[in-house]
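Colleague: So here's data36.txt (compact mmCIF, C-alpha atoms).
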# COMPACT_ATOMS: atom_id res chain seq x y z
CA MET E 1 -39.30 0.26 -25.67
CA THR E 2 -36.35 -0.65 -27.90
CA ASP E 3 -33.95 1.23 -25.65
CA LYS E 4 -34.58 -1.16 -22.75
CA VAL E 5 -32.53 -4.31 -22.44
CA MET E 6 -32.62 -7.17 -19.97
CA VAL E 7 -29.29 -8.29 -18.54
CA ARG E 8 -28.30 -10.76 -15.87
CA ILE E 9 -25.72 -9.58 -13.33
CA ASP E 10 -24.57 -12.22 -10.85
CA GLY E 11 -27.75 -14.17 -11.55
CA GLU E 12 -30.14 -11.26 -11.03
CA VAL E 13 -32.20 -10.07 -13.99
CA ILE E 14 -31.95 -6.30 -14.34
CA THR E 15 -33.56 -3.88 -16.78
CA ALA E 16 -31.05 -1.44 -18.22
CA LYS E 17 -30.95 1.30 -20.81
CA ALA E 18 -29.16 0.46 -24.05
CA GLY E 19 -25.86 2.31 -24.22
CA GLN E 20 -25.15 2.01 -20.50
CA SER E 21 -22.02 0.16 -19.43
CA VAL E 22 -22.17 -2.92 -17.24
CA LEU E 23 -20.45 -0.91 -14.49
CA GLU E 24 -23.07 1.86 -14.61
CA VAL E 25 -25.93 -0.64 -14.52
CA ALA E 26 -24.35 -2.61 -11.68
CA ARG E 27 -23.77 0.49 -9.58
CA ALA E 28 -27.26 1.82 -10.27
CA ASN E 29 -28.56 -1.48 -8.86
CA ASP E 30 -26.40 -1.45 -5.71
CA LYS E 31 -24.00 -4.05 -7.05
CA TYR E 32 -20.46 -3.13 -6.29
CA ILE E 33 -17.68 -3.59 -8.83
CA PRO E 34 -14.35 -2.03 -7.79
CA ALA E 35 -12.81 0.52 -10.17
CA LEU E 36 -10.04 3.06 -10.10
CA CYS E 37 -9.83 4.84 -13.46
CA TYR E 38 -13.62 5.04 -13.79
CA MET E 39 -15.25 8.21 -12.49
CA GLU E 40 -18.89 9.10 -12.87
CA GLY E 41 -19.16 12.09 -15.20
CA LEU E 42 -16.05 11.26 -17.23
CA SER E 43 -15.72 9.07 -20.31
CA ALA E 44 -14.68 5.49 -19.50
CA GLN E 45 -11.29 4.29 -20.64
CA GLY E 46 -10.85 0.83 -19.09
CA SER E 47 -7.20 1.18 -18.16
CA CYS E 48 -6.97 0.18 -14.49
CA ARG E 49 -8.31 -3.37 -15.05
CA LEU E 50 -9.94 -3.50 -11.62
CA CYS E 51 -13.51 -3.71 -12.94
CA MET E 52 -12.77 -6.86 -14.99
CA ILE E 53 -15.79 -9.16 -15.19
CA GLU E 54 -16.61 -12.58 -16.60
CA VAL E 55 -19.09 -12.44 -19.50
CA SER E 56 -20.82 -15.66 -20.51
CA GLY E 57 -19.79 -16.84 -23.92
CA VAL E 58 -16.62 -14.71 -23.88
CA LYS E 59 -13.39 -16.48 -23.05
CA ARG E 60 -11.45 -13.47 -21.84
CA LEU E 61 -12.27 -11.02 -19.06
CA LEU E 62 -13.73 -7.64 -20.02
CA PRO E 63 -13.68 -4.31 -18.18
CA ALA E 64 -17.17 -3.52 -16.91
CA CYS E 65 -16.72 0.21 -17.52
CA THR E 66 -16.26 -0.13 -21.29
CA THR E 67 -18.56 -3.11 -21.90
CA PRO E 68 -21.99 -1.90 -23.06
CA VAL E 69 -25.04 -3.83 -21.98
CA GLN E 70 -26.97 -5.75 -24.63
CA GLU E 71 -30.05 -7.93 -24.58
CA GLY E 72 -29.40 -11.26 -22.88
CA LEU E 73 -25.94 -10.35 -21.57
CA ALA E 74 -25.01 -12.40 -18.50
CA VAL E 75 -22.04 -11.43 -16.36
CA SER E 76 -20.37 -12.48 -13.16
CA THR E 77 -18.73 -9.66 -11.21
CA ASN E 78 -17.52 -11.13 -7.96
CA SER E 79 -15.91 -14.57 -8.30
CA THR E 80 -12.90 -15.71 -6.30
CA GLN E 81 -10.91 -15.75 -9.52
CA LEU E 82 -11.81 -12.11 -10.27
CA HIS E 83 -10.94 -11.14 -6.72
CA GLY E 84 -7.52 -12.73 -7.21
CA TYR E 85 -6.93 -10.90 -10.51
CA ARG E 86 -8.01 -7.59 -9.01
CA ARG E 87 -5.63 -8.06 -6.13
CA MET E 88 -2.89 -8.85 -8.62
CA ALA E 89 -3.64 -5.62 -10.54
CA LEU E 90 -3.53 -3.65 -7.28
CA GLU E 91 -0.20 -5.16 -6.26
CA LEU E 92 1.25 -4.33 -9.67
CA LEU E 93 0.08 -0.72 -9.27
CA PHE E 94 1.85 -0.51 -5.91
CA ALA E 95 5.01 -2.13 -7.31
CA GLU E 96 5.18 0.11 -10.37
CA ARG E 97 5.90 3.43 -8.63
CA ASN E 98 6.90 4.67 -5.17
CA HIS E 99 3.72 4.65 -3.11
CA ILE E 100 5.05 5.54 0.31
CA CYS E 101 1.79 5.95 2.22
CA ALA E 102 3.57 6.94 5.44
CA VAL E 103 4.59 10.30 3.92
CA CYS E 104 1.58 10.90 1.66
CA VAL E 105 -0.94 13.72 2.08
CA SER E 106 -3.73 11.41 0.93
CA SER E 107 -3.00 8.44 3.20
CA GLY E 108 -6.26 7.36 4.79
CA HIS E 109 -8.30 9.08 2.04
CA CYS E 110 -6.75 7.30 -0.92
CA GLU E 111 -8.75 5.17 -3.34
CA LEU E 112 -5.78 2.92 -4.11
CA GLN E 113 -5.24 2.30 -0.40
CA SER E 114 -8.95 1.65 0.19
CA LEU E 115 -9.05 -0.86 -2.65
CA ALA E 116 -5.99 -2.63 -1.19
CA GLN E 117 -7.77 -2.87 2.15
CA GLU E 118 -10.95 -4.09 0.47
CA HIS E 119 -9.02 -6.90 -1.21
CA GLY E 120 -7.33 -7.98 2.02
CA MET E 121 -3.91 -6.97 0.74
CA THR E 122 -1.13 -7.08 3.31
CA ASN E 123 1.87 -7.13 1.01
CA VAL E 124 3.00 -6.91 -2.61
CA ARG E 125 4.24 -10.19 -4.06
CA TYR E 126 6.03 -8.60 -7.00
CA ALA E 127 9.44 -6.94 -7.04
CA TYR E 128 9.20 -3.18 -6.63
CA ASN E 129 10.30 -1.07 -9.56
CA TYR E 130 11.64 1.98 -7.61
CA PRO E 131 11.61 4.43 -10.54
CA LYS E 132 13.31 7.77 -10.02
CA LEU E 133 10.58 10.39 -10.45
CA THR E 134 10.67 14.06 -9.56
CA PRO E 135 7.61 15.93 -8.26
CA ASP E 136 6.54 19.08 -10.10
CA THR E 137 6.08 21.80 -7.47
CA THR E 138 6.08 24.76 -9.86
CA HIS E 139 2.35 25.48 -9.66
CA PRO E 140 1.61 28.06 -6.95
CA ARG E 141 -1.30 26.11 -5.45
CA PHE E 142 -0.91 22.49 -6.47
CA VAL E 143 1.73 19.80 -6.65
CA PHE E 144 2.09 16.81 -8.98
CA ASP E 145 4.00 13.87 -7.52
CA PRO E 146 4.43 11.19 -10.21
CA ASN E 147 5.61 8.72 -7.54
CA ARG E 148 1.97 8.37 -6.44
CA CYS E 149 0.40 8.28 -9.91
CA VAL E 150 -1.54 5.19 -11.04
CA LEU E 151 -2.03 6.40 -14.63
CA CYS E 152 -5.81 6.41 -14.33
CA ALA E 153 -5.86 9.58 -16.46
CA ARG E 154 -8.78 11.04 -14.53
CA CYS E 155 -6.82 14.33 -14.54
CA VAL E 156 -6.49 14.17 -18.34
CA ARG E 157 -10.20 13.50 -18.82
CA THR E 158 -11.34 16.02 -16.21
CA CYS E 159 -9.27 18.78 -17.76
CA ALA E 160 -10.39 17.93 -21.29
CA GLU E 161 -14.04 17.00 -20.73
CA ILE E 162 -15.11 19.13 -17.76
CA GLU E 163 -12.82 22.17 -17.79
CA GLY E 164 -12.08 22.10 -21.54
CA ALA E 165 -8.49 23.26 -21.03
CA HIS E 166 -6.59 20.12 -22.13
CA VAL E 167 -3.58 20.85 -19.91
CA TRP E 168 -2.89 17.21 -19.02
CA GLU E 169 -1.96 14.45 -21.44
CA ILE E 170 -0.26 11.08 -21.08
CA ALA E 171 3.23 11.17 -22.63
CA GLY E 172 5.79 8.42 -23.12
CA ARG E 173 5.31 4.74 -23.76
CA GLY E 174 4.80 1.64 -21.64
CA ILE E 175 6.20 1.77 -18.14
CA ALA E 176 7.77 5.18 -18.86
CA SER E 177 4.43 6.81 -19.63
CA GLY E 178 2.80 9.34 -17.33
CA PRO E 179 0.84 12.58 -17.17
CA VAL E 180 2.51 15.76 -18.42
CA SER E 181 1.20 19.30 -18.27
CA GLU E 182 1.07 21.35 -21.47
CA LEU E 183 3.42 19.26 -23.62
CA GLN E 184 5.94 18.77 -20.81
CA ARG E 185 6.13 22.36 -19.67
CA PRO E 186 6.35 22.71 -15.87
CA TRP E 187 2.81 22.96 -14.49
CA GLY E 188 3.47 26.44 -13.06
CA GLU E 189 4.31 27.69 -16.57
CA ALA E 190 1.35 26.06 -18.30
CA ALA E 191 -0.51 29.04 -19.76
CA SER E 192 -3.60 26.96 -20.56
CA CYS E 193 -4.08 25.88 -16.93
CA THR E 194 -6.93 27.82 -15.33
CA SER E 195 -5.88 26.66 -11.82
CA CYS E 196 -9.44 25.39 -11.29
CA GLY E 197 -8.10 22.42 -9.31
CA LYS E 198 -10.67 19.90 -10.59
CA CYS E 199 -7.88 17.52 -11.67
CA VAL E 200 -6.67 17.54 -8.06
CA GLN E 201 -10.14 16.65 -6.77
CA ALA E 202 -10.50 13.88 -9.36
CA CYS E 203 -7.13 12.24 -8.62
CA PRO E 204 -7.69 9.00 -6.67
CA THR E 205 -4.33 9.14 -4.85
CA GLY E 206 -2.01 11.85 -3.58
CA ALA E 207 -0.39 12.29 -7.02
CA LEU E 208 -2.22 15.59 -7.46
CA ALA E 209 -2.62 17.52 -4.25
CA GLU E 210 -3.08 21.00 -2.89
CA LYS E 211 0.02 22.53 -1.38
CA GLY E 212 0.16 23.12 2.35
CA TRP E 213 -1.22 19.84 3.65
CA ALA E 214 0.73 17.42 5.84
CA VAL E 215 0.51 13.62 5.89
CA GLU E 216 -3.09 12.29 5.84
CA GLU E 217 -4.54 15.83 5.70
CA MET E 218 -5.66 16.13 2.07
CA THR E 219 -9.24 15.05 1.53
CA LYS E 220 -10.78 15.35 -1.90
CA GLN E 221 -14.20 16.45 -3.06
CA ARG E 222 -14.66 13.73 -5.63
CA GLY E 223 -18.30 14.60 -6.16
CA VAL E 224 -17.35 17.90 -7.84
CA VAL E 225 -16.61 16.41 -11.25
CA SER E 226 -19.68 14.17 -11.34
CA THR E 227 -21.96 16.96 -10.10
CA LEU E 228 -20.74 19.42 -12.73
CA ASN E 229 -21.33 16.86 -15.43
CA THR E 230 -24.83 16.08 -14.19
CA MET E 231 -25.71 19.81 -14.05
CA ARG E 232 -24.53 20.33 -17.61
CA GLU E 233 -26.40 17.30 -18.90
CA GLY E 234 -29.54 18.74 -17.37
CA GLN E 235 -29.22 21.98 -19.34
CA MET B 1 9.69 -21.44 54.69
CA GLU B 2 12.91 -21.02 52.79
CA GLN B 3 12.82 -24.61 51.84
CA ASN B 4 9.28 -24.26 50.58
CA VAL B 5 10.26 -21.41 48.30
CA GLN B 6 13.16 -23.47 47.03
CA GLU B 7 10.85 -26.36 46.30
CA MET B 8 8.38 -24.15 44.50
CA HIS B 9 11.11 -22.91 42.20
CA GLU B 10 12.48 -26.31 41.49
CA ALA B 11 9.24 -28.19 41.11
CA PRO B 12 8.36 -28.49 37.44
CA ASP B 13 4.86 -27.23 36.76
CA LEU B 14 3.34 -30.08 34.82
CA GLN B 15 0.18 -28.11 34.12
CA GLU B 16 2.01 -25.36 32.30
CA ALA B 17 2.92 -25.96 28.68
CA ARG B 18 6.33 -24.83 27.45
CA LYS B 19 6.38 -21.08 27.06
CA ALA B 20 6.70 -19.84 23.51
CA ARG B 21 9.82 -17.91 22.55
CA ILE B 22 9.48 -14.57 20.78
CA GLY B 23 12.41 -12.72 19.22
CA THR B 24 12.11 -9.18 17.89
CA CYS B 25 14.55 -7.07 15.92
CA TRP B 26 14.78 -3.68 14.35
CA LEU B 27 16.46 -3.32 10.95
CA ASP B 28 16.16 -0.13 8.84
CA GLY B 29 13.24 1.49 10.64
CA CYS B 30 12.61 4.16 13.24
CA SER B 31 11.67 1.88 16.20
CA GLY B 32 8.11 3.18 15.94
CA CYS B 33 6.80 -0.37 15.49
CA HIS B 34 8.52 -1.46 18.70
CA MET B 35 6.95 1.60 20.38
CA SER B 36 3.57 0.43 19.09
CA LEU B 37 4.33 -3.03 20.49
CA LEU B 38 4.95 -1.41 23.88
CA ASP B 39 1.72 0.54 23.42
CA ILE B 40 -0.25 -2.65 24.00
CA ASP B 41 0.28 -1.45 27.58
CA GLU B 42 -0.73 -3.83 30.35
CA ALA B 43 -1.71 -6.49 27.81
CA ILE B 44 2.00 -7.24 27.53
CA VAL B 45 1.68 -8.99 30.89
CA ASP B 46 -0.74 -11.49 29.32
CA VAL B 47 1.61 -11.98 26.37
CA LEU B 48 4.52 -12.60 28.72
CA ALA B 49 2.48 -15.16 30.62
CA LYS B 50 2.46 -17.25 27.46
CA ALA B 51 5.81 -16.32 25.95
CA ASP B 52 9.29 -15.11 26.74
CA ILE B 53 10.95 -12.39 24.69
CA VAL B 54 14.37 -13.92 24.11
CA PHE B 55 15.93 -11.42 21.70
CA GLY B 56 15.37 -7.80 20.68
CA PRO B 57 16.12 -4.16 21.48
CA LEU B 58 14.43 -4.73 24.85
CA VAL B 59 16.54 -7.78 25.72
CA ASP B 60 20.22 -8.05 26.53
CA ALA B 61 21.04 -10.97 24.22
CA GLN B 62 23.81 -10.49 21.66
CA GLU B 63 22.99 -13.29 19.26
CA TRP B 64 19.66 -14.40 17.75
CA PRO B 65 19.03 -17.63 19.68
CA GLU B 66 18.08 -21.04 18.33
CA GLY B 67 14.55 -22.36 18.70
CA VAL B 68 12.55 -19.14 18.47
CA ASP B 69 8.86 -19.68 17.78
CA VAL B 70 7.91 -16.24 16.53
CA ALA B 71 10.31 -13.70 15.00
CA VAL B 72 8.89 -10.17 14.85
CA ILE B 73 10.96 -8.05 12.50
CA GLU B 74 10.67 -4.29 12.07
CA GLY B 75 12.37 -2.32 9.31
CA ALA B 76 13.54 -2.73 5.73
CA VAL B 77 16.63 -4.70 4.73
CA SER B 78 19.11 -1.95 3.96
CA SER B 79 22.61 -3.00 5.04
CA THR B 80 24.77 -6.12 5.21
CA ASP B 81 24.01 -6.31 8.95
CA ASP B 82 20.26 -6.16 8.31
CA LEU B 83 20.55 -8.98 5.81
CA GLU B 84 22.65 -11.13 8.15
CA LEU B 85 20.29 -10.67 11.09
CA ALA B 86 17.17 -11.26 8.98
CA THR B 87 18.68 -14.42 7.50
CA LYS B 88 19.69 -15.72 10.92
CA ALA B 89 16.27 -14.91 12.39
CA ARG B 90 14.63 -16.81 9.52
CA GLU B 91 16.84 -19.86 9.95
CA ARG B 92 16.31 -20.03 13.69
CA SER B 93 12.60 -19.21 13.94
CA GLY B 94 9.32 -20.94 13.18
CA ILE B 95 7.09 -18.06 12.12
CA VAL B 96 8.45 -14.76 10.77
CA VAL B 97 6.28 -11.66 11.11
CA ALA B 98 7.13 -8.55 9.05
CA LEU B 99 6.05 -5.78 11.43
CA GLY B 100 5.17 -2.42 9.92
CA ASP B 101 5.45 -0.71 6.55
CA CYS B 102 9.27 -0.69 6.34
CA ALA B 103 9.39 -4.48 6.71
CA VAL B 104 6.31 -4.99 4.53
CA THR B 105 6.82 -2.50 1.68
CA GLY B 106 10.25 -0.96 2.29
CA ASN B 107 8.51 2.36 3.03
CA VAL B 108 10.64 5.47 3.74
CA PRO B 109 14.05 3.70 3.59
CA THR B 110 13.36 2.91 -0.09
CA MET B 111 13.30 6.62 -0.93
CA ARG B 112 17.06 6.36 -1.41
CA ASN B 113 16.75 3.60 -3.98
CA GLY B 114 16.90 5.92 -6.98
CA ILE B 115 20.27 7.29 -5.81
CA PRO B 116 23.52 5.30 -6.21
CA THR B 117 24.83 4.34 -2.74
CA ARG B 118 28.16 6.10 -3.16
CA ALA B 119 26.52 9.36 -4.29
CA LEU B 120 24.10 9.13 -1.37
CA LEU B 121 26.84 8.69 1.24
CA GLU B 122 28.89 11.50 -0.28
CA ARG B 123 25.93 13.85 -0.26
CA VAL B 124 25.29 13.14 3.44
CA TYR B 125 28.77 12.70 4.93
CA VAL B 126 30.94 14.87 2.66
CA GLU B 127 28.83 17.61 1.07
CA GLY B 128 26.39 17.70 3.96
CA SER B 129 28.98 17.92 6.71
CA ASP B 130 31.10 20.86 7.89
CA GLU B 131 33.61 18.75 9.81
CA GLN B 132 35.30 15.39 9.21
CA GLN B 133 34.09 15.14 5.66
CA GLN B 134 34.46 11.43 5.10
CA ILE B 135 32.26 8.42 4.59
CA PRO B 136 32.34 6.32 7.78
CA THR B 137 33.59 2.76 7.30
CA ASP B 138 34.72 1.62 10.75
CA GLY B 139 32.12 -0.26 12.79
CA VAL B 140 29.27 0.47 10.41
CA PRO B 141 27.86 -2.07 7.97
CA ALA B 142 27.94 -1.43 4.23
CA LEU B 143 24.70 -0.26 2.67
CA LEU B 144 23.07 -2.60 0.18
CA LYS B 145 22.40 -1.17 -3.26
CA GLN B 146 18.73 -0.78 -2.40
CA ALA B 147 16.58 -0.91 0.73
CA GLU B 148 13.98 -3.62 0.24
CA PRO B 149 11.07 -5.18 2.09
CA LEU B 150 11.83 -8.22 4.22
CA HIS B 151 10.17 -10.69 1.86
CA ALA B 152 12.56 -9.68 -0.93
CA HIS B 153 15.25 -11.55 1.07
CA ILE B 154 13.63 -14.08 3.38
CA LYS B 155 10.33 -15.98 3.52
CA VAL B 156 7.79 -14.04 5.55
CA ASP B 157 4.78 -15.82 7.03
CA VAL B 158 2.69 -12.89 8.31
CA HIS B 159 2.70 -9.31 7.00
CA VAL B 160 1.47 -6.60 9.37
CA PRO B 161 1.33 -3.29 7.48
CA GLY B 162 0.96 0.11 9.12
CA CYS B 163 3.24 2.98 10.02
CA PRO B 164 3.20 1.90 12.73
CA PRO B 165 0.67 -0.95 12.97
CA LYS B 166 -1.97 -0.25 15.60
CA PRO B 167 -1.21 -1.72 19.06
CA GLU B 168 -4.52 -3.62 18.89
CA THR B 169 -3.40 -5.23 15.64
CA ILE B 170 -0.04 -6.24 17.13
CA LEU B 171 -1.75 -7.70 20.19
CA TYR B 172 -4.21 -9.58 17.97
CA VAL B 173 -1.35 -10.96 15.81
CA LEU B 174 0.67 -12.12 18.83
CA GLY B 175 -2.44 -13.56 20.47
CA GLU B 176 -3.37 -15.60 17.40
CA LEU B 177 0.18 -16.85 16.83
CA LEU B 178 0.54 -17.88 20.47
CA GLU B 179 -2.70 -19.84 20.10
CA GLY B 180 -1.24 -21.57 17.05
CA ARG B 181 -3.37 -19.74 14.49
CA ILE B 182 -2.24 -17.60 11.54
CA PRO B 183 -3.87 -14.17 11.98
CA ASP B 184 -6.05 -12.54 9.31
CA VAL B 185 -4.37 -9.14 9.24
CA GLY B 186 -5.90 -7.80 6.00
CA SER B 187 -9.31 -7.18 7.51
CA ARG B 188 -7.90 -5.31 10.54
CA GLN B 189 -5.13 -3.12 9.29
CA ARG B 190 -5.07 -0.67 6.38
CA PHE B 191 -2.39 -1.32 3.78
CA GLY B 192 0.19 1.45 3.80
Let's see the structure in the file written out as structure tokens.
Modeller:
Amino acid sequence: MTDKVMVRIDGEVITAKAGQSVLEVARANDKYIPALCYMEGLSAQGSCRLCMIEVSGVKRLLPACTTPVQEGLAVSTNSTQLHGYRRMALELLFAERNHICAVCVSSGHCELQSLAQEHGMTNVRYAYNYPKLTPDTTHPRFVFDPNRCVLCARCVRTCAEIEGAHVWEIAGRGIASGPVSELQRPWGEAASCTSCGKCVQACPTGALAEKGWAVEEMTKQRGVVSTLNTMREGQ
Amino acid sequence: MEQNVQEMHEAPDLQEARKARIGTCWLDGCSGCHMSLLDIDEAIVDVLAKADIVFGPLVDAQEWPEGVDVAVIEGAVSSTDDLELATKARERSGIVVALGDCAVTGNVPTMRNGIPTRALLERVYVEGSDEQQQIPTDGVPALLKQAEPLHAHIKVDVHVPGCPPKPETILYVLGELLEGRIPDVGSRQRFG
């Protein structure tokens, strides 16, 4: 029984498997922690900072998706303070690039937008950055619009871990960083891309989309990535 | 009979509180938010029972009046005229409502922000035109360097996102404000 640990999430004692993250344990026990870069079936990277939690005995906040459970761990996932920080992180995501929902194929089916709604967001308190970013429309079936990207890197992880093609990577540094296909070759010329489209399904916003959809028309099958992973684990 | 009518008009109704004064304006936007305001349909009669609309595209006033209770502003701040009107509306109004995505986030008007103003105007009025290839200057306000949301320039009290916001949301917001309450918009209207 050494692989079982007892943890306390928001006061409730829960039995978890060693090696699981706090986020996985919370979700398995119907406790909701918001997250954007996390996707079931992909490795966790802790970059979006939305799943930040308070851990007793630790002075700083930790991301639930990359914090493994351990015996006696006690966490708080839903305080007013956390809610405020999460809203701040969301507003910064909106301010960083040009998220113009009114002209986006994913409006109404967008995880960023849903999270904003969930956090009661009605405006962004920070100055907008308005970067000049050009969409890549060279792929015959898909389009990459960096204006809508939140740098969650789900596309990078899906392509590497599920498809095994490694087309996407994050290039650049700091605020200038972003996904590039095949070492900055236009997506349509990326020979390693199998055009499977799983990166498009994994993308939480309209940054990666199928061509041919109008505003609000693109819905994504987010279960695809998680299901494939589960099927492979079962083999 | 005539005298009675006269008396009715002149007699102050002591039961009725002073009617609130609403001003609306339309900066860099498409008027869709004003259309959504009109889409509250017959409910506008109830709103007008409690308030007068004293300025806006639907009213024939030339100058934003003093003593407005609620200013409802659609559109981003994009030109010198937009900035002047927004500033005046702020100074002369109690509560300022940013109505719709352009006022709240900047929305579509901000898509020009990555292009220098001069290059933008030349592309549209010189390269993009077959006749009279010149940038208009007479009777049109100068563009600001960037289109920005309302709160980048003036204090905004209530943000109502949506492109456009739903008529029910607008009616709820007006209803709450006219009752002296600040509406909770976040739970009723999707952001963006």
Colleague: Can you write out as CSV which residues of chain B fall within 12 Å of chain E, alongside each residue's closest atom pair and its distance in Å to one decimal, counting all atoms listed in the file and ordering rows by chain and ascending residue number?
Modeller:
residue,atom,partner,partner_atom,distance
B:Val97,CA,E:Thr122,CA,11.7
B:Ala98,CA,E:Asn123,CA,9.7
B:Leu99,CA,E:Thr122,CA,10.9
B:Gly100,CA,E:Thr122,CA,10.3
B:Asp101,CA,E:Ala102,CA,8.0
B:Cys102,CA,E:Ala102,CA,9.6
B:Ala103,CA,E:Asn123,CA,9.8
B:Val104,CA,E:Asn123,CA,6.1
B:Thr105,CA,E:Asn123,CA,6.8
B:Gly106,CA,E:Ile100,CA,8.6
B:Asn107,CA,E:Ile100,CA,5.4
B:Val108,CA,E:Ile100,CA,6.6
B:Pro109,CA,E:Ile100,CA,9.8
B:Thr110,CA,E:Tyr130,CA,7.8
B:Met111,CA,E:Asn98,CA,7.9
B:Arg112,CA,E:Tyr130,CA,9.3
B:Asn113,CA,E:Tyr130,CA,6.5
B:Gly114,CA,E:Lys132,CA,5.1
B:Ile115,CA,E:Lys132,CA,8.1
B:Pro116,CA,E:Lys132,CA,11.2
B:Gln146,CA,E:Tyr130,CA,9.2
B:Ala147,CA,E:Tyr130,CA,10.1
B:Glu148,CA,E:Tyr128,CA,8.4
B:Pro149,CA,E:Tyr128,CA,9.1
B:Leu150,CA,E:Asn123,CA,10.5
B:His151,CA,E:Arg125,CA,8.4
B:Ala152,CA,E:Ala127,CA,7.4
B:His153,CA,E:Ala127,CA,11.0
B:Lys155,CA,E:Arg125,CA,11.3
B:Val156,CA,E:Asn123,CA,10.2
B:Asp157,CA,E:Asn123,CA,11.0
B:Val158,CA,E:Thr122,CA,8.6
B:His159,CA,E:Thr122,CA,5.8
B:Val160,CA,E:Thr122,CA,6.6
B:Pro161,CA,E:Thr122,CA,6.1
B:Gly162,CA,E:Ala102,CA,8.2
B:Cys163,CA,E:Ala102,CA,6.1
B:Pro164,CA,E:Ala102,CA,8.9
B:Pro165,CA,E:Ala102,CA,11.3
B:Pro183,CA,E:Thr122,CA,11.5
B:Asp184,CA,E:Gly120,CA,8.7
B:Val185,CA,E:Thr122,CA,7.1
B:Gly186,CA,E:Gly120,CA,4.2
B:Ser187,CA,E:Gly120,CA,5.9
B:Arg188,CA,E:Gln117,CA,8.7
B:Gln189,CA,E:Gln117,CA,7.6
B:Arg190,CA,E:Gln117,CA,5.5
B:Phe191,CA,E:Gln117,CA,5.8
B:Gly192,CA,E:Cys101,CA,5.0
Colleague: Using all atoms listed in the file, which of the listed residues (B:Lys145, B:Arg181, B:Lys166, B:Arg18) sits closest to B:Leu38?
Modeller: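 Of B:Lys145, B:Arg181, B:Lys166, B:Arg18, the one nearest B:Leu38 is B:Lys166, counting all atoms listed in the file.
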Colleague: For a quick check of your reading of the model, name the residues lying within 8 Å of the coordinate (-7.0, -1.3, -13.4), counting all atoms listed in the file, and write them as a VMD selection string.
Modeller: chain E and resid 35 to 37 46 to 51 86 89 to 90 152
Colleague: Within 10 Å of B:Ile182, counting only C-alpha atoms, which residues show up once you throw out same-chain ones fewer than 4 positions away? Write them as a PyMOL selection string, please.
Modeller: chain B and resi 95+157-158+173-178
Colleague: Within 12 Å of stretch 130-143 of chain B, counting all atoms listed in the file, which residues show up once you throw out same-chain ones fewer than 5 positions away? Write them as a PyMOL selection string, please.
Modeller: chain B and resi 27-28+76-85+109+112-113+116-125+148
Colleague: Can I get the selected residues back with C-alpha atoms, as a PDB file, keeping the file's coordinate frame?
Modeller:
ATOM      1  CA  LEU B  27      16.460  -3.320  10.950  1.00  0.00           C
ATOM      2  CA  ASP B  28      16.160  -0.130   8.840  1.00  0.00           C
ATOM      3  CA  ALA B  76      13.540  -2.730   5.730  1.00  0.00           C
ATOM      4  CA  VAL B  77      16.630  -4.700   4.730  1.00  0.00           C
ATOM      5  CA  SER B  78      19.110  -1.950   3.960  1.00  0.00           C
ATOM      6  CA  SER B  79      22.610  -3.000   5.040  1.00  0.00           C
ATOM      7  CA  THR B  80      24.770  -6.120   5.210  1.00  0.00           C
ATOM      8  CA  ASP B  81      24.010  -6.310   8.950  1.00  0.00           C
ATOM      9  CA  ASP B  82      20.260  -6.160   8.310  1.00  0.00           C
ATOM     10  CA  LEU B  83      20.550  -8.980   5.810  1.00  0.00           C
ATOM     11  CA  GLU B  84      22.650 -11.130   8.150  1.00  0.00           C
ATOM     12  CA  LEU B  85      20.290 -10.670  11.090  1.00  0.00           C
ATOM     13  CA  PRO B 109      14.050   3.700   3.590  1.00  0.00           C
ATOM     14  CA  ARG B 112      17.060   6.360  -1.410  1.00  0.00           C
ATOM     15  CA  ASN B 113      16.750   3.600  -3.980  1.00  0.00           C
ATOM     16  CA  PRO B 116      23.520   5.300  -6.210  1.00  0.00           C
ATOM     17  CA  THR B 117      24.830   4.340  -2.740  1.00  0.00           C
ATOM     18  CA  ARG B 118      28.160   6.100  -3.160  1.00  0.00           C
ATOM     19  CA  ALA B 119      26.520   9.360  -4.290  1.00  0.00           C
ATOM     20  CA  LEU B 120      24.100   9.130  -1.370  1.00  0.00           C
ATOM     21  CA  LEU B 121      26.840   8.690   1.240  1.00  0.00           C
ATOM     22  CA  GLU B 122      28.890  11.500  -0.280  1.00  0.00           C
ATOM     23  CA  ARG B 123      25.930  13.850  -0.260  1.00  0.00           C
ATOM     24  CA  VAL B 124      25.290  13.140   3.440  1.00  0.00           C
ATOM     25  CA  TYR B 125      28.770  12.700   4.930  1.00  0.00           C
ATOM     26  CA  GLU B 148      13.980  -3.620   0.240  1.00  0.00           C
TER      27      GLU B 148
END
Colleague: Any idea what the distance is between atom CA of E:Cys159 and atom CA of E:Thr67?
Modeller: 24.1 Å
Colleague: In Å, rounded to a single decimal, give me how far atom CA of E:Ala74 is from atom CA of E:Ala28.
Modeller: 16.6 Å
